[in-house]
$ cat upload_30.cif   # mmCIF, C-alpha atoms
data_data
loop_
_atom_site.group_PDB
_atom_site.id
_atom_site.type_symbol
_atom_site.label_atom_id
_atom_site.label_comp_id
_atom_site.auth_asym_id
_atom_site.auth_seq_id
_atom_site.Cartn_x
_atom_site.Cartn_y
_atom_site.Cartn_z
ATOM 1 C CA MET A 1 -28.569 -34.882 14.147
ATOM 2 C CA ARG A 2 -31.493 -33.314 12.383
ATOM 3 C CA ILE A 3 -33.503 -30.129 12.463
ATOM 4 C CA SER A 4 -37.126 -30.508 13.522
ATOM 5 C CA ARG A 5 -39.825 -29.875 10.939
ATOM 6 C CA GLU A 6 -41.042 -26.820 12.890
ATOM 7 C CA LEU A 7 -37.547 -25.318 13.104
ATOM 8 C CA GLU A 8 -37.043 -25.972 9.405
ATOM 9 C CA ILE A 9 -40.233 -23.993 8.721
ATOM 10 C CA SER A 10 -39.083 -21.202 11.083
ATOM 11 C CA LEU A 11 -35.689 -20.908 9.376
ATOM 12 C CA ALA A 12 -37.326 -20.843 5.944
ATOM 13 C CA LEU A 13 -39.671 -18.133 7.224
ATOM 14 C CA ALA A 14 -36.682 -16.147 8.580
ATOM 15 C CA VAL A 15 -35.003 -16.288 5.161
ATOM 16 C CA SER A 16 -38.161 -15.268 3.316
ATOM 17 C CA GLU A 17 -38.789 -12.424 5.774
ATOM 18 C CA ALA A 18 -35.251 -11.089 5.243
ATOM 19 C CA ARG A 19 -35.672 -11.441 1.495
ATOM 20 C CA ARG A 20 -39.118 -9.852 1.442
ATOM 21 C CA ARG A 21 -37.757 -6.833 3.291
ATOM 22 C CA ARG A 22 -34.744 -6.786 0.945
ATOM 23 C CA HIS A 23 -32.268 -7.158 3.806
ATOM 24 C CA GLU A 24 -28.743 -8.063 2.846
ATOM 25 C CA PHE A 25 -28.181 -10.204 5.932
ATOM 26 C CA LEU A 26 -30.038 -12.956 7.704
ATOM 27 C CA CYS A 27 -29.781 -11.838 11.332
ATOM 28 C CA ILE A 28 -30.756 -13.224 14.711
ATOM 29 C CA GLU A 29 -33.685 -10.800 14.692
ATOM 30 C CA HIS A 30 -35.155 -12.566 11.652
ATOM 31 C CA VAL A 31 -34.785 -15.919 13.405
ATOM 32 C CA LEU A 32 -36.469 -14.694 16.589
ATOM 33 C CA TYR A 33 -39.257 -13.111 14.526
ATOM 34 C CA ALA A 34 -39.851 -16.414 12.742
ATOM 35 C CA LEU A 35 -39.593 -18.447 15.958
ATOM 36 C CA LEU A 36 -42.422 -16.411 17.477
ATOM 37 C CA HIS A 37 -44.712 -18.051 14.922
ATOM 38 C CA ASP A 38 -43.783 -21.437 16.409
ATOM 39 C CA ALA A 39 -46.476 -22.233 18.990
ATOM 40 C CA ASP A 40 -44.020 -24.083 21.234
ATOM 41 C CA VAL A 41 -41.569 -21.157 21.329
ATOM 42 C CA ALA A 42 -44.342 -18.578 21.772
ATOM 43 C CA GLU A 43 -45.618 -20.573 24.750
ATOM 44 C CA ILE A 44 -42.137 -20.606 26.337
ATOM 45 C CA VAL A 45 -41.746 -16.851 25.883
ATOM 46 C CA ARG A 46 -45.170 -16.349 27.461
ATOM 47 C CA HIS A 47 -44.376 -18.590 30.438
ATOM 48 C CA CYS A 48 -41.068 -16.827 31.009
ATOM 49 C CA GLY A 49 -42.911 -13.574 31.464
ATOM 50 C CA GLY A 50 -41.467 -12.104 28.297
ATOM 51 C CA ARG A 51 -43.316 -9.482 26.369
ATOM 52 C CA ARG A 52 -46.450 -10.492 24.627
ATOM 53 C CA ARG A 53 -45.789 -12.028 21.270
ATOM 54 C CA ARG A 54 -47.445 -9.182 19.403
ATOM 55 C CA ALA A 55 -45.413 -6.513 21.243
ATOM 56 C CA LEU A 56 -42.213 -8.437 20.639
ATOM 57 C CA LYS A 57 -43.025 -8.784 16.940
ATOM 58 C CA ARG A 58 -43.767 -5.070 16.701
ATOM 59 C CA GLU A 59 -40.431 -4.251 18.314
ATOM 60 C CA LEU A 60 -38.612 -6.554 15.908
ATOM 61 C CA GLU A 61 -40.429 -4.931 12.991
ATOM 62 C CA ARG A 62 -39.244 -1.541 14.261
ATOM 63 C CA ILE A 63 -35.647 -2.871 14.304
ATOM 64 C CA PHE A 64 -36.126 -4.217 10.755
ATOM 65 C CA ASP A 65 -37.321 -0.825 9.554
ATOM 66 C CA GLU A 66 -34.954 1.433 11.472
ATOM 67 C CA LYS A 67 -31.734 -0.475 11.967
ATOM 68 C CA LEU A 68 -31.360 -2.768 8.985
ATOM 69 C CA GLN A 69 -30.491 -1.300 5.622
ATOM 70 C CA ARG A 70 -32.384 -2.355 2.549
ATOM 71 C CA LEU A 71 -30.639 -3.484 -0.589
ATOM 72 C CA PRO A 72 -30.814 -1.064 -3.511
ATOM 73 C CA ASN A 73 -33.803 -1.448 -5.837
ATOM 74 C CA GLY A 74 -33.486 -4.208 -8.376
ATOM 75 C CA ALA A 75 -31.021 -6.222 -6.308
ATOM 76 C CA ASP A 76 -32.520 -9.624 -5.547
ATOM 77 C CA VAL A 77 -29.879 -11.671 -3.790
ATOM 78 C CA ALA A 78 -30.296 -14.316 -1.136
ATOM 79 C CA PRO A 79 -29.601 -12.847 2.310
ATOM 80 C CA GLU A 80 -26.232 -13.808 3.693
ATOM 81 C CA GLN A 81 -26.019 -15.370 7.153
ATOM 82 C CA THR A 82 -24.375 -13.161 9.760
ATOM 83 C CA LEU A 83 -21.691 -14.577 12.035
ATOM 84 C CA GLY A 84 -24.159 -14.168 14.909
ATOM 85 C CA PHE A 85 -26.739 -16.328 13.101
ATOM 86 C CA GLN A 86 -24.134 -19.040 12.508
ATOM 87 C CA ARG A 87 -23.025 -18.972 16.145
ATOM 88 C CA VAL A 88 -26.613 -19.318 17.360
ATOM 89 C CA ILE A 89 -27.301 -22.380 15.197
ATOM 90 C CA GLN A 90 -23.952 -23.963 16.109
ATOM 91 C CA ARG A 91 -24.589 -23.333 19.800
ATOM 92 C CA ALA A 92 -28.056 -24.886 19.595
ATOM 93 C CA ALA A 93 -26.651 -27.919 17.759
ATOM 94 C CA ALA A 94 -23.827 -28.361 20.290
ATOM 95 C CA HIS A 95 -26.295 -28.123 23.168
ATOM 96 C CA VAL A 96 -28.622 -30.732 21.641
ATOM 97 C CA GLN A 97 -25.711 -33.044 20.916
ATOM 98 C CA SER A 98 -24.261 -32.756 24.397
ATOM 99 C CA SER A 99 -27.633 -33.522 25.944
ATOM 100 C CA GLY A 100 -27.785 -36.785 23.991
ATOM 101 C CA LYS A 101 -30.699 -35.814 21.753
ATOM 102 C CA ASP A 102 -30.756 -35.923 18.011
ATOM 103 C CA GLU A 103 -33.227 -33.233 16.997
ATOM 104 C CA ILE A 104 -32.747 -29.455 17.171
ATOM 105 C CA LEU A 105 -35.963 -27.712 18.177
ATOM 106 C CA GLY A 106 -37.015 -24.079 17.970
ATOM 107 C CA ARG A 107 -36.736 -23.820 21.761
ATOM 108 C CA ASN A 108 -33.036 -24.811 21.562
ATOM 109 C CA VAL A 109 -32.430 -21.951 19.145
ATOM 110 C CA LEU A 110 -34.329 -19.557 21.430
ATOM 111 C CA VAL A 111 -32.018 -20.496 24.335
ATOM 112 C CA ALA A 112 -28.955 -20.150 22.094
ATOM 113 C CA ILE A 113 -30.006 -16.574 21.221
ATOM 114 C CA PHE A 114 -29.637 -15.602 24.888
ATOM 115 C CA ARG A 115 -25.945 -16.476 24.818
ATOM 116 C CA GLU A 116 -25.303 -14.093 21.956
ATOM 117 C CA PRO A 117 -23.370 -11.060 23.232
ATOM 118 C CA GLU A 118 -25.062 -7.692 22.820
ATOM 119 C CA SER A 119 -27.718 -8.921 20.458
ATOM 120 C CA ARG A 120 -30.582 -6.495 20.011
ATOM 121 C CA THR A 121 -32.952 -9.370 20.486
ATOM 122 C CA ARG A 122 -31.819 -9.961 24.068
ATOM 123 C CA PRO A 123 -33.366 -6.895 25.652
ATOM 124 C CA SER A 124 -36.591 -7.815 23.863
ATOM 125 C CA CYS A 125 -36.482 -11.345 25.189
ATOM 126 C CA SER A 126 -35.286 -10.587 28.645
ATOM 127 C CA THR A 127 -37.819 -7.923 29.426
ATOM 128 C CA SER A 128 -39.765 -8.620 32.553
ATOM 129 C CA ARG A 129 -38.858 -11.955 34.144
ATOM 130 C CA GLY A 130 -37.554 -13.707 31.042
ATOM 131 C CA SER A 131 -33.939 -14.773 31.121
ATOM 132 C CA ARG A 132 -31.849 -17.612 29.858
ATOM 133 C CA ALA A 133 -32.213 -19.486 33.139
ATOM 134 C CA SER A 134 -35.958 -19.483 32.828
ATOM 135 C CA THR A 135 -36.018 -20.545 29.203
ATOM 136 C CA SER A 136 -33.520 -23.418 29.346
ATOM 137 C CA MET B 1 -6.832 3.511 -3.165
ATOM 138 C CA GLU B 2 -8.902 1.871 -5.881
ATOM 139 C CA PHE B 3 -9.309 -1.158 -3.666
ATOM 140 C CA VAL B 4 -10.678 0.959 -0.800
ATOM 141 C CA VAL B 5 -13.224 2.503 -3.193
ATOM 142 C CA PHE B 6 -14.061 -0.968 -4.519
ATOM 143 C CA ILE B 7 -14.701 -2.207 -0.943
ATOM 144 C CA LEU B 8 -16.763 0.854 -0.010
ATOM 145 C CA GLN B 9 -18.950 0.398 -3.067
ATOM 146 C CA GLY B 10 -19.101 -3.389 -3.159
ATOM 147 C CA ILE B 11 -19.466 -4.229 0.527
ATOM 148 C CA PHE B 12 -20.845 -1.021 2.032
ATOM 149 C CA HIS B 13 -23.023 -0.001 -0.941
ATOM 150 C CA HIS B 14 -21.776 3.595 -1.097
ATOM 151 C CA SER B 15 -22.121 5.578 -4.307
ATOM 152 C CA GLU B 16 -18.936 6.311 -6.213
ATOM 153 C CA SER B 17 -18.722 9.892 -4.914
ATOM 154 C CA GLU B 18 -19.364 8.853 -1.299
ATOM 155 C CA ALA B 19 -16.752 6.117 -1.611
ATOM 156 C CA MET B 20 -14.249 8.610 -3.014
ATOM 157 C CA GLN B 21 -14.873 10.999 -0.134
ATOM 158 C CA ILE B 22 -14.388 8.294 2.501
ATOM 159 C CA MET B 23 -11.303 6.981 0.683
ATOM 160 C CA LEU B 24 -9.755 10.494 0.629
ATOM 161 C CA HIS B 25 -10.495 10.849 4.336
ATOM 162 C CA VAL B 26 -8.698 7.551 4.986
ATOM 163 C CA HIS B 27 -5.855 8.731 2.767
ATOM 164 C CA LYS B 28 -5.441 12.012 4.672
ATOM 165 C CA HIS B 29 -6.199 10.919 8.220
ATOM 166 C CA GLY B 30 -5.332 7.221 8.139
ATOM 167 C CA VAL B 31 -8.847 6.227 9.155
ATOM 168 C CA GLY B 32 -12.437 6.736 7.982
ATOM 169 C CA VAL B 33 -15.979 5.620 8.826
ATOM 170 C CA ALA B 34 -17.361 3.087 6.367
ATOM 171 C CA GLY B 35 -20.768 3.060 8.023
ATOM 172 C CA VAL B 36 -22.819 2.656 11.190
ATOM 173 C CA TYR B 37 -24.464 -0.733 11.650
ATOM 174 C CA THR B 38 -25.716 -3.070 14.321
ATOM 175 C CA ARG B 39 -22.924 -5.041 15.961
ATOM 176 C CA GLU B 40 -23.979 -8.260 14.248
ATOM 177 C CA ILE B 41 -23.900 -6.746 10.768
ATOM 178 C CA ALA B 42 -20.679 -4.801 11.438
ATOM 179 C CA GLU B 43 -18.753 -7.917 12.452
ATOM 180 C CA THR B 44 -20.057 -9.784 9.412
ATOM 181 C CA ARG B 45 -19.019 -6.964 7.054
ATOM 182 C CA ILE B 46 -15.560 -6.897 8.680
ATOM 183 C CA THR B 47 -15.046 -10.576 7.878
ATOM 184 C CA GLN B 48 -16.185 -9.904 4.293
ATOM 185 C CA VAL B 49 -13.661 -7.048 3.972
ATOM 186 C CA GLU B 50 -10.859 -9.072 5.552
ATOM 187 C CA ALA B 51 -11.523 -12.015 3.246
ATOM 188 C CA LEU B 52 -11.483 -9.766 0.160
ATOM 189 C CA ALA B 53 -8.347 -7.902 1.330
ATOM 190 C CA ARG B 54 -6.551 -11.189 1.948
ATOM 191 C CA LYS B 55 -7.642 -12.540 -1.426
ATOM 192 C CA HIS B 56 -6.357 -9.449 -3.226
ATOM 193 C CA GLU B 57 -3.332 -9.163 -0.926
ATOM 194 C CA TYR B 58 -4.035 -5.647 0.361
ATOM 195 C CA PRO B 59 -3.066 -4.771 3.936
ATOM 196 C CA LEU B 60 -6.406 -3.119 4.658
ATOM 197 C CA ARG B 61 -7.613 -2.890 8.214
ATOM 198 C CA CYS B 62 -11.305 -2.822 9.096
ATOM 199 C CA SER B 63 -12.584 -2.745 12.665
ATOM 200 C CA MET B 64 -15.642 -1.722 14.662
ATOM 201 C CA ASP B 65 -16.141 0.729 17.486
ATOM 202 C CA GLU B 66 -19.216 1.481 19.514
ATOM 203 C CA ALA B 67 -21.055 4.476 18.079
#
$ encode --input "upload_30.cif" --output "structure tokens"
Amino acid sequence: MRISRELEISLALAVSEARRRRHEFLCIEHVLYALLHDADVAEIVRHCGGRRRRALKRELERIFDEKLQRLPNGADVAPEQTLGFQRVIQRAAAHVQSSGKDEILGRNVLVAIFREPESRTRPSCSTSRGSRASTS
Amino acid sequence: MEFVVFILQGIFHHSESEAMQIMLHVHKHGVGVAGVYTREIAETRITQVEALARKHEYPLRCSMDEA
């Protein structure tokens, strides 16, 4: 199984966003933020009646600023993956495998985020008509 | 006690004086608040603390509650 080129770019963007903001952890919020730059994922969110991409990005930026601590000045360490991040990727991989495909796409990761319990990204995604059922 | 301070500084990024205060609270009351985080970050920090405690063989308990 492999990760699609677009998802690879999204994950790299998520890491660089966490690093740029000096966050200690690579969270699901960073992944969702990066996925919104993927045209395919943005289109799905739009069709599901989710918030507009710009509003969703603004809300994620608010979470980044208000809820996630920054590392002390001078500390430049690679952000560590949270357990939630690992579960999301594993879930997406398991779903792709069980459906007989061999490439994990951004949309698979988006669906996997909805299964994450009490993630702050869920209310953002499921606003309006968006739900897991309508994204899978 | 030193290990609790070490954890509070190393994992939770508290200053030495803050770490001492929290450690003394744990010492007196049996429990103390290491910090308030999102659920995702809290559970990840707990696994970091548990791994370190196991490695150094300290029976330290770390858990999360809804704030």
$ resolve_selection --input "upload_30.cif" --expression "the PyMOL selection byres ((chain B) within 12 of (chain A))" --output "ChimeraX atom specification"
/B:9-15,35-48,66
$ resolve_selection --input "upload_30.cif" --expression "the PyMOL selection byres ((chain B and resi 56-63) around 10)" --output "number ranges by chain"
B: 3-4, 31-34, 42-43, 45-55, 64-65
$ atom_distance --input "upload_30.cif" --atom1 "atom CA of A:Ala12" --atom2 "atom CA of A:Gly49"
27.1 Å
$ atom_distance --input "upload_30.cif" --atom1 "atom CA of A:Glu61" --atom2 "atom CA of A:Tyr33"
8.4 Å
$ axis_aligned_box --input "upload_30.cif" --around "stretch 44-63 of chain B" --padding-each-side "8 Å" --output "AutoDock Vina command-line options"
--center_x -11.6 --center_y -7.6 --center_z 4.7 --size_x 33.0 --size_y 25.8 --size_z 31.9
$ residues_around --input "upload_30.cif" --residues "stretch 103-107 of chain A" --least-positions-apart "6" --cutoff "8 Å" --atoms "only C-alpha atoms" --output "list in words"
Met1, Arg2, Ile3, Ser4, Glu6, Leu7, Ser10, Leu35, Asp38, Asp40, Val41, Ile44, Ala92, Ala93 and Val96 of chain A
$ residues_around --input "upload_30.cif" --residues "A:Lys57" --least-positions-apart "2" --cutoff "12 Å" --atoms "only C-alpha atoms" --output "ChimeraX atom specification"
/A:29-37,42,50-55,59-64,121,124-125
$ atom_distance --input "upload_30.cif" --atom1 "atom CA of A:Arg87" --atom2 "atom CA of A:Arg20"
23.6 Å
$ decode --input "upload_30.cif" --residues "stretch 86-104 of chain A" --atoms "N, CA and C atoms" --output "short mmCIF file (atom, residue, chain, number, x, y, z; two decimals), in the first residue's frame"
data_model
loop_
_atom_site.label_atom_id
_atom_site.label_comp_id
_atom_site.auth_asym_id
_atom_site.auth_seq_id
_atom_site.Cartn_x
_atom_site.Cartn_y
_atom_site.Cartn_z
N GLN A 86 -1.91 9.17 14.89
CA GLN A 86 -1.55 7.80 14.49
C GLN A 86 -2.78 6.95 14.23
N ARG A 87 -3.80 7.13 15.09
CA ARG A 87 -5.04 6.35 14.91
C ARG A 87 -5.71 6.70 13.58
N VAL A 88 -5.71 8.00 13.26
CA VAL A 88 -6.37 8.44 12.02
C VAL A 88 -5.70 7.81 10.80
N ILE A 89 -4.38 7.85 10.77
CA ILE A 89 -3.65 7.29 9.62
C ILE A 89 -3.85 5.78 9.55
N GLN A 90 -3.78 5.12 10.71
CA GLN A 90 -3.98 3.66 10.73
C GLN A 90 -5.39 3.29 10.25
N ARG A 91 -6.36 4.09 10.69
CA ARG A 91 -7.75 3.82 10.32
C ARG A 91 -7.93 3.98 8.81
N ALA A 92 -7.33 5.04 8.27
CA ALA A 92 -7.44 5.29 6.83
C ALA A 92 -6.78 4.13 6.06
N ALA A 93 -5.63 3.69 6.53
CA ALA A 93 -4.90 2.60 5.86
C ALA A 93 -5.72 1.31 5.92
N ALA A 94 -6.31 1.03 7.07
CA ALA A 94 -7.09 -0.20 7.24
C ALA A 94 -8.32 -0.17 6.32
N HIS A 95 -8.91 1.02 6.21
CA HIS A 95 -10.11 1.16 5.36
C HIS A 95 -9.74 0.92 3.89
N VAL A 96 -8.64 1.51 3.46
CA VAL A 96 -8.20 1.36 2.06
C VAL A 96 -7.88 -0.10 1.77
N GLN A 97 -7.20 -0.73 2.71
CA GLN A 97 -6.81 -2.13 2.54
C GLN A 97 -8.05 -3.03 2.44
N SER A 98 -9.00 -2.78 3.35
CA SER A 98 -10.17 -3.65 3.36
C SER A 98 -11.08 -3.42 2.15
N SER A 99 -10.91 -2.28 1.49
CA SER A 99 -11.73 -2.06 0.30
C SER A 99 -10.99 -2.50 -0.97
N GLY A 100 -9.85 -3.18 -0.77
CA GLY A 100 -9.13 -3.76 -1.90
C GLY A 100 -8.35 -2.78 -2.75
N LYS A 101 -8.13 -1.57 -2.23
CA LYS A 101 -7.34 -0.59 -2.99
C LYS A 101 -5.92 -0.55 -2.44
N ASP A 102 -5.05 0.12 -3.17
CA ASP A 102 -3.68 0.11 -2.69
C ASP A 102 -3.08 1.50 -2.53
N GLU A 103 -3.95 2.52 -2.56
CA GLU A 103 -3.43 3.88 -2.40
C GLU A 103 -4.29 4.65 -1.40
N ILE A 104 -3.65 5.24 -0.39
CA ILE A 104 -4.38 6.04 0.59
C ILE A 104 -4.48 7.46 0.05
#
